[in-house]
$ cat my_file-v4.pdb   # PDB, C-alpha atoms
MODEL        1
ATOM      1  CA  ARG A   1      69.104   2.354   2.164
ATOM      2  CA  SER A   2      66.338   3.030  -0.343
ATOM      3  CA  ASN A   3      64.392   6.259  -0.294
ATOM      4  CA  LYS A   4      61.336   4.607  -1.873
ATOM      5  CA  GLU A   5      58.225   4.086   0.202
ATOM      6  CA  ILE A   6      56.210   0.899   0.380
ATOM      7  CA  PRO A   7      53.525   1.260  -2.320
ATOM      8  CA  HIS A   8      49.871   1.867  -1.476
ATOM      9  CA  GLY A   9      47.828  -1.243  -2.044
ATOM     10  CA  THR A  10      50.093  -3.477   0.026
ATOM     11  CA  ALA A  11      48.641  -6.022   2.451
ATOM     12  CA  VAL A  12      50.284  -8.576   4.727
ATOM     13  CA  VAL A  13      48.547 -11.872   5.437
ATOM     14  CA  ILE A  14      49.816 -14.293   8.081
ATOM     15  CA  GLU A  15      49.553 -17.739   6.490
ATOM     16  CA  GLU A  16      51.170 -19.739   9.291
ATOM     17  CA  PHE A  17      51.805 -19.050  12.970
ATOM     18  CA  LYS A  18      53.305 -21.983  14.869
ATOM     19  CA  ASP A  19      54.553 -22.020  18.429
ATOM     20  CA  GLU A  20      57.351 -24.572  18.497
ATOM     21  CA  GLY A  21      58.192 -24.080  22.153
ATOM     22  CA  LYS A  22      61.470 -22.183  22.018
ATOM     23  CA  MET A  23      60.609 -20.401  18.777
ATOM     24  CA  LEU A  24      57.672 -19.027  16.810
ATOM     25  CA  ARG A  25      57.532 -19.895  13.119
ATOM     26  CA  ILE A  26      55.639 -17.288  11.103
ATOM     27  CA  ARG A  27      54.997 -17.316   7.352
ATOM     28  CA  ALA A  28      53.656 -14.081   5.959
ATOM     29  CA  GLU A  29      52.693 -13.135   2.426
ATOM     30  CA  ILE A  30      52.989  -9.536   1.311
ATOM     31  CA  PHE A  31      50.508  -8.765  -1.449
ATOM     32  CA  CYS A  32      50.870  -5.847  -3.827
ATOM     33  CA  GLU A  33      48.956  -4.786  -6.932
ATOM     34  CA  ARG A  34      51.684  -4.582  -9.585
ATOM     35  CA  ASN A  35      54.943  -6.273 -10.565
ATOM     36  CA  SER A  36      56.630  -2.881 -10.322
ATOM     37  CA  HIS A  37      55.460  -2.685  -6.686
ATOM     38  CA  LYS A  38      56.909  -6.134  -6.041
ATOM     39  CA  GLY A  39      60.272  -4.876  -7.286
ATOM     40  CA  ILE A  40      60.135  -1.967  -4.845
ATOM     41  CA  ILE A  41      59.256  -4.234  -1.906
ATOM     42  CA  VAL A  42      61.906  -6.844  -2.755
ATOM     43  CA  GLY A  43      64.590  -4.320  -3.730
ATOM     44  CA  LYS A  44      67.846  -4.935  -5.521
ATOM     45  CA  ASN A  45      69.013  -8.499  -4.807
ATOM     46  CA  GLY A  46      66.331  -8.772  -2.089
ATOM     47  CA  ALA A  47      67.896  -6.051   0.070
ATOM     48  CA  ALA A  48      64.667  -4.166   0.865
ATOM     49  CA  LEU A  49      62.752  -7.327   1.796
ATOM     50  CA  LYS A  50      65.643  -8.517   3.965
ATOM     51  CA  LEU A  51      65.668  -5.187   5.814
ATOM     52  CA  VAL A  52      61.894  -5.267   6.330
ATOM     53  CA  GLY A  53      62.145  -8.877   7.522
ATOM     54  CA  THR A  54      64.942  -8.078   9.960
ATOM     55  CA  TYR A  55      63.065  -5.158  11.539
ATOM     56  CA  ALA A  56      59.801  -7.129  11.673
ATOM     57  CA  ARG A  57      61.496 -10.138  13.267
ATOM     58  CA  GLN A  58      63.169  -7.933  15.900
ATOM     59  CA  ASP A  59      59.833  -6.276  16.736
ATOM     60  CA  LEU A  60      58.070  -9.655  16.915
ATOM     61  CA  GLU A  61      60.771 -11.106  19.184
ATOM     62  CA  ALA A  62      60.491  -8.121  21.521
ATOM     63  CA  PHE A  63      56.688  -8.389  21.562
ATOM     64  CA  PHE A  64      56.467 -12.165  22.099
ATOM     65  CA  GLY A  65      59.628 -12.517  24.199
ATOM     66  CA  THR A  66      60.936 -15.449  22.185
ATOM     67  CA  LYS A  67      62.902 -16.223  19.029
ATOM     68  CA  VAL A  68      61.013 -15.848  15.752
ATOM     69  CA  TYR A  69      61.661 -17.470  12.397
ATOM     70  CA  LEU A  70      59.987 -15.176   9.868
ATOM     71  CA  ASN A  71      59.443 -16.368   6.316
ATOM     72  CA  LEU A  72      58.271 -13.600   3.947
ATOM     73  CA  TRP A  73      56.929 -13.954   0.414
ATOM     74  CA  VAL A  74      55.891 -11.164  -1.947
ATOM     75  CA  LYS A  75      53.037 -11.874  -4.352
ATOM     76  CA  VAL A  76      51.182  -9.815  -6.927
ATOM     77  CA  LYS A  77      47.370  -9.758  -6.909
ATOM     78  CA  GLU A  78      46.429  -7.147  -9.489
ATOM     79  CA  ASN A  79      43.828  -4.655  -8.251
ATOM     80  CA  TRP A  80      43.143  -6.666  -5.094
ATOM     81  CA  ARG A  81      41.658  -3.570  -3.438
ATOM     82  CA  ASN A  82      38.792  -3.690  -5.975
ATOM     83  CA  SER A  83      37.918  -7.304  -5.136
ATOM     84  CA  ASN A  84      35.429  -7.775  -2.306
ATOM     85  CA  PHE A  85      36.440 -11.447  -2.180
ATOM     86  CA  LEU A  86      40.131 -10.648  -1.631
ATOM     87  CA  ILE A  87      39.382  -7.851   0.839
ATOM     88  CA  HIS A  88      37.312 -10.364   2.825
ATOM     89  CA  ASP A  89      39.934 -13.102   2.362
ATOM     90  CA  PHE A  90      42.658 -10.778   3.689
ATOM     91  CA  GLY A  91      40.465  -9.883   6.694
ATOM     92  CA  LEU A  92      40.385  -6.200   5.785
ATOM     93  CA  GLU A  93      36.678  -5.569   5.416
ATOM     94  CA  THR A  94      35.098  -2.901   7.587
ATOM     95  CA  GLU A  95      31.754  -3.274   9.265
TER      96      GLU A  95
ENDMDL
END
$ encode --input "my_file-v4.pdb" --output "structure tokens"
Amino acid sequence: RSNKEIPHGTAVVIEEFKDEGKMLRIRAEIFCERNSHKGIIVGKNGAALKLVGTYARQDLEAFFGTKVYLNLWVKVKENWRNSNFLIHDFGLETE
């Protein structure tokens, strides 16, 4: 288990949400601001991302009451918090 926290400047965007009857298929992209942040989120040999994915999938299955296939991708968008376009695109703007 890593003692590192998820870096500030991390956003999750749901790119696909499909109800396939007996299962939900969800594709989410995790955006961070630096390659070094991506390394923290992914972890050694993908261990941190796998752990995050496992916990998220379990929470989603409990919430929706059905099986969930969760596909996670980590992408770098440098300084996305300074881009009004990306803040809007991610759905994070405040009124």
$ atom_distance --input "my_file-v4.pdb" --atom1 "atom CA of Leu60 of chain A" --atom2 "atom CA of Ala47 of chain A"
19.8 Å
$ residues_around --input "my_file-v4.pdb" --residues "Leu70 of chain A" --least-positions-apart "6" --cutoff "9 Å" --atoms "only C-alpha atoms" --output "list in words"
Leu24, Arg25, Ile26, Arg27, Ala28, Gly53, Thr54, Ala56 and Arg57 of chain A
$ residues_near_point --input "my_file-v4.pdb" --point "(49.9, -14.6, -3.8)" --cutoff "7 Å" --atoms "only C-alpha atoms" --output "ChimeraX atom specification"
/A:29,31,75-77
$ resolve_selection --input "my_file-v4.pdb" --expression "the PyMOL selection byres ((chain A and resi 38) around 10)" --output "JSON, numbers by chain"
{"A": [6, 7, 10, 30, 31, 32, 33, 34, 35, 36, 37, 39, 40, 41, 42, 43, 49, 74, 75, 76]}
$ closest_residue --input "my_file-v4.pdb" --among "A:Leu72, A:Glu78, A:Gly65, A:Val52" --to "Glu5 of chain A" --atoms "all atoms listed in the file"
A:Val52
$ atom_distance --input "my_file-v4.pdb" --atom1 "atom CA of Trp80 of chain A" --atom2 "atom CA of Glu15 of chain A"
17.3 Å
$ resolve_selection --input "my_file-v4.pdb" --expression "the PyMOL selection byres ((chain A and resi 89) around 12)" --output "number ranges by chain"
A: 11-15, 80-81, 83-88, 90-93
$ atom_distance --input "my_file-v4.pdb" --atom1 "atom CA of Gly46 of chain A" --atom2 "atom CA of Lys18 of chain A"
25.1 Å
$ closest_residue --input "my_file-v4.pdb" --among "A:Phe17, A:Leu51, A:Asn82, A:Lys44" --to "Tyr69 of chain A" --atoms "all atoms listed in the file"
A:Phe17
$ axis_aligned_box --input "my_file-v4.pdb" --around "segment 67-85 of chain A" --padding-each-side "6 Å" --output "JSON"
{"center_x": 49.2, "center_y": -10.5, "center_z": 4.8, "size_x": 39.5, "size_y": 25.9, "size_z": 40.5}
$ residues_near_point --input "my_file-v4.pdb" --point "(66.5, -19.7, 21.2)" --cutoff "12 Å" --atoms "all atoms listed in the file" --output "list in words"
Glu20, Gly21, Lys22, Met23, Leu24, Glu61, Gly65, Thr66, Lys67, Val68 and Tyr69 of chain A
$ decode --input "my_file-v4.pdb" --residues "segment 11-79 of chain A" --atoms "C-alpha atoms" --output "mmCIF file, in the first residue's frame"
data_model
loop_
_atom_site.group_PDB
_atom_site.id
_atom_site.type_symbol
_atom_site.label_atom_id
_atom_site.label_comp_id
_atom_site.auth_asym_id
_atom_site.auth_seq_id
_atom_site.Cartn_x
_atom_site.Cartn_y
_atom_site.Cartn_z
ATOM 1 C CA ALA A 11 -10.279 15.211 -12.326
ATOM 2 C CA VAL A 12 -12.339 12.203 -13.382
ATOM 3 C CA VAL A 13 -14.498 12.387 -16.495
ATOM 4 C CA ILE A 14 -16.992 9.656 -17.385
ATOM 5 C CA GLU A 15 -16.589 9.115 -21.129
ATOM 6 C CA GLU A 16 -18.977 6.180 -21.499
ATOM 7 C CA PHE A 17 -21.812 4.827 -19.367
ATOM 8 C CA LYS A 18 -23.692 1.919 -20.936
ATOM 9 C CA ASP A 19 -26.379 -0.205 -19.353
ATOM 10 C CA GLU A 20 -26.040 -3.624 -20.945
ATOM 11 C CA GLY A 21 -28.828 -5.224 -18.950
ATOM 12 C CA LYS A 22 -26.955 -7.439 -16.509
ATOM 13 C CA MET A 23 -23.946 -5.133 -16.316
ATOM 14 C CA LEU A 24 -22.965 -1.474 -16.516
ATOM 15 C CA ARG A 25 -19.977 -0.623 -18.694
ATOM 16 C CA ILE A 26 -18.230 2.554 -17.556
ATOM 17 C CA ARG A 27 -15.160 4.166 -19.122
ATOM 18 C CA ALA A 28 -13.588 6.899 -17.056
ATOM 19 C CA GLU A 29 -10.578 9.083 -17.746
ATOM 20 C CA ILE A 30 -8.531 10.406 -14.857
ATOM 21 C CA PHE A 31 -6.832 13.666 -15.783
ATOM 22 C CA CYS A 32 -3.821 15.042 -13.956
ATOM 23 C CA GLU A 33 -1.523 17.994 -14.613
ATOM 24 C CA ARG A 34 1.924 16.376 -14.756
ATOM 25 C CA ASN A 35 3.594 13.143 -15.853
ATOM 26 C CA SER A 36 4.914 12.772 -12.315
ATOM 27 C CA HIS A 37 1.298 12.867 -11.074
ATOM 28 C CA LYS A 38 0.375 10.172 -13.583
ATOM 29 C CA GLY A 39 3.094 7.966 -12.106
ATOM 30 C CA ILE A 40 1.644 8.435 -8.626
ATOM 31 C CA ILE A 41 -1.891 7.593 -9.784
ATOM 32 C CA VAL A 42 -0.812 4.542 -11.804
ATOM 33 C CA GLY A 43 1.740 3.314 -9.255
ATOM 34 C CA LYS A 44 4.411 0.692 -9.687
ATOM 35 C CA ASN A 45 3.288 -1.811 -12.341
ATOM 36 C CA GLY A 46 -0.217 -0.276 -12.225
ATOM 37 C CA ALA A 47 -0.816 -1.313 -8.608
ATOM 38 C CA ALA A 48 -2.260 2.014 -7.398
ATOM 39 C CA LEU A 49 -4.648 2.342 -10.350
ATOM 40 C CA LYS A 50 -5.776 -1.266 -9.922
ATOM 41 C CA LEU A 51 -6.529 -0.627 -6.243
ATOM 42 C CA VAL A 52 -8.451 2.567 -7.031
ATOM 43 C CA GLY A 53 -10.359 0.731 -9.769
ATOM 44 C CA THR A 54 -11.240 -2.165 -7.478
ATOM 45 C CA TYR A 55 -12.588 0.103 -4.725
ATOM 46 C CA ALA A 56 -14.473 2.280 -7.227
ATOM 47 C CA ARG A 57 -16.027 -0.745 -8.931
ATOM 48 C CA GLN A 58 -17.141 -2.194 -5.576
ATOM 49 C CA ASP A 59 -18.722 1.135 -4.581
ATOM 50 C CA LEU A 60 -20.443 1.461 -7.971
ATOM 51 C CA GLU A 61 -21.801 -2.098 -7.785
ATOM 52 C CA ALA A 62 -23.194 -1.445 -4.309
ATOM 53 C CA PHE A 63 -24.755 1.842 -5.448
ATOM 54 C CA PHE A 64 -26.308 0.550 -8.691
ATOM 55 C CA GLY A 65 -27.052 -2.982 -7.470
ATOM 56 C CA THR A 66 -25.538 -4.624 -10.533
ATOM 57 C CA LYS A 67 -22.195 -5.769 -11.923
ATOM 58 C CA VAL A 68 -19.915 -3.033 -13.253
ATOM 59 C CA TYR A 69 -17.121 -3.247 -15.793
ATOM 60 C CA LEU A 70 -14.918 -0.232 -15.072
ATOM 61 C CA ASN A 71 -12.293 0.826 -17.587
ATOM 62 C CA LEU A 72 -9.915 3.515 -16.261
ATOM 63 C CA TRP A 73 -7.391 5.576 -18.208
ATOM 64 C CA VAL A 74 -4.964 8.152 -16.827
ATOM 65 C CA LYS A 75 -4.110 11.121 -19.039
ATOM 66 C CA VAL A 76 -1.998 14.225 -18.590
ATOM 67 C CA LYS A 77 -3.456 17.642 -19.448
ATOM 68 C CA GLU A 78 -0.844 20.129 -18.286
ATOM 69 C CA ASN A 79 -2.280 22.986 -16.215
#
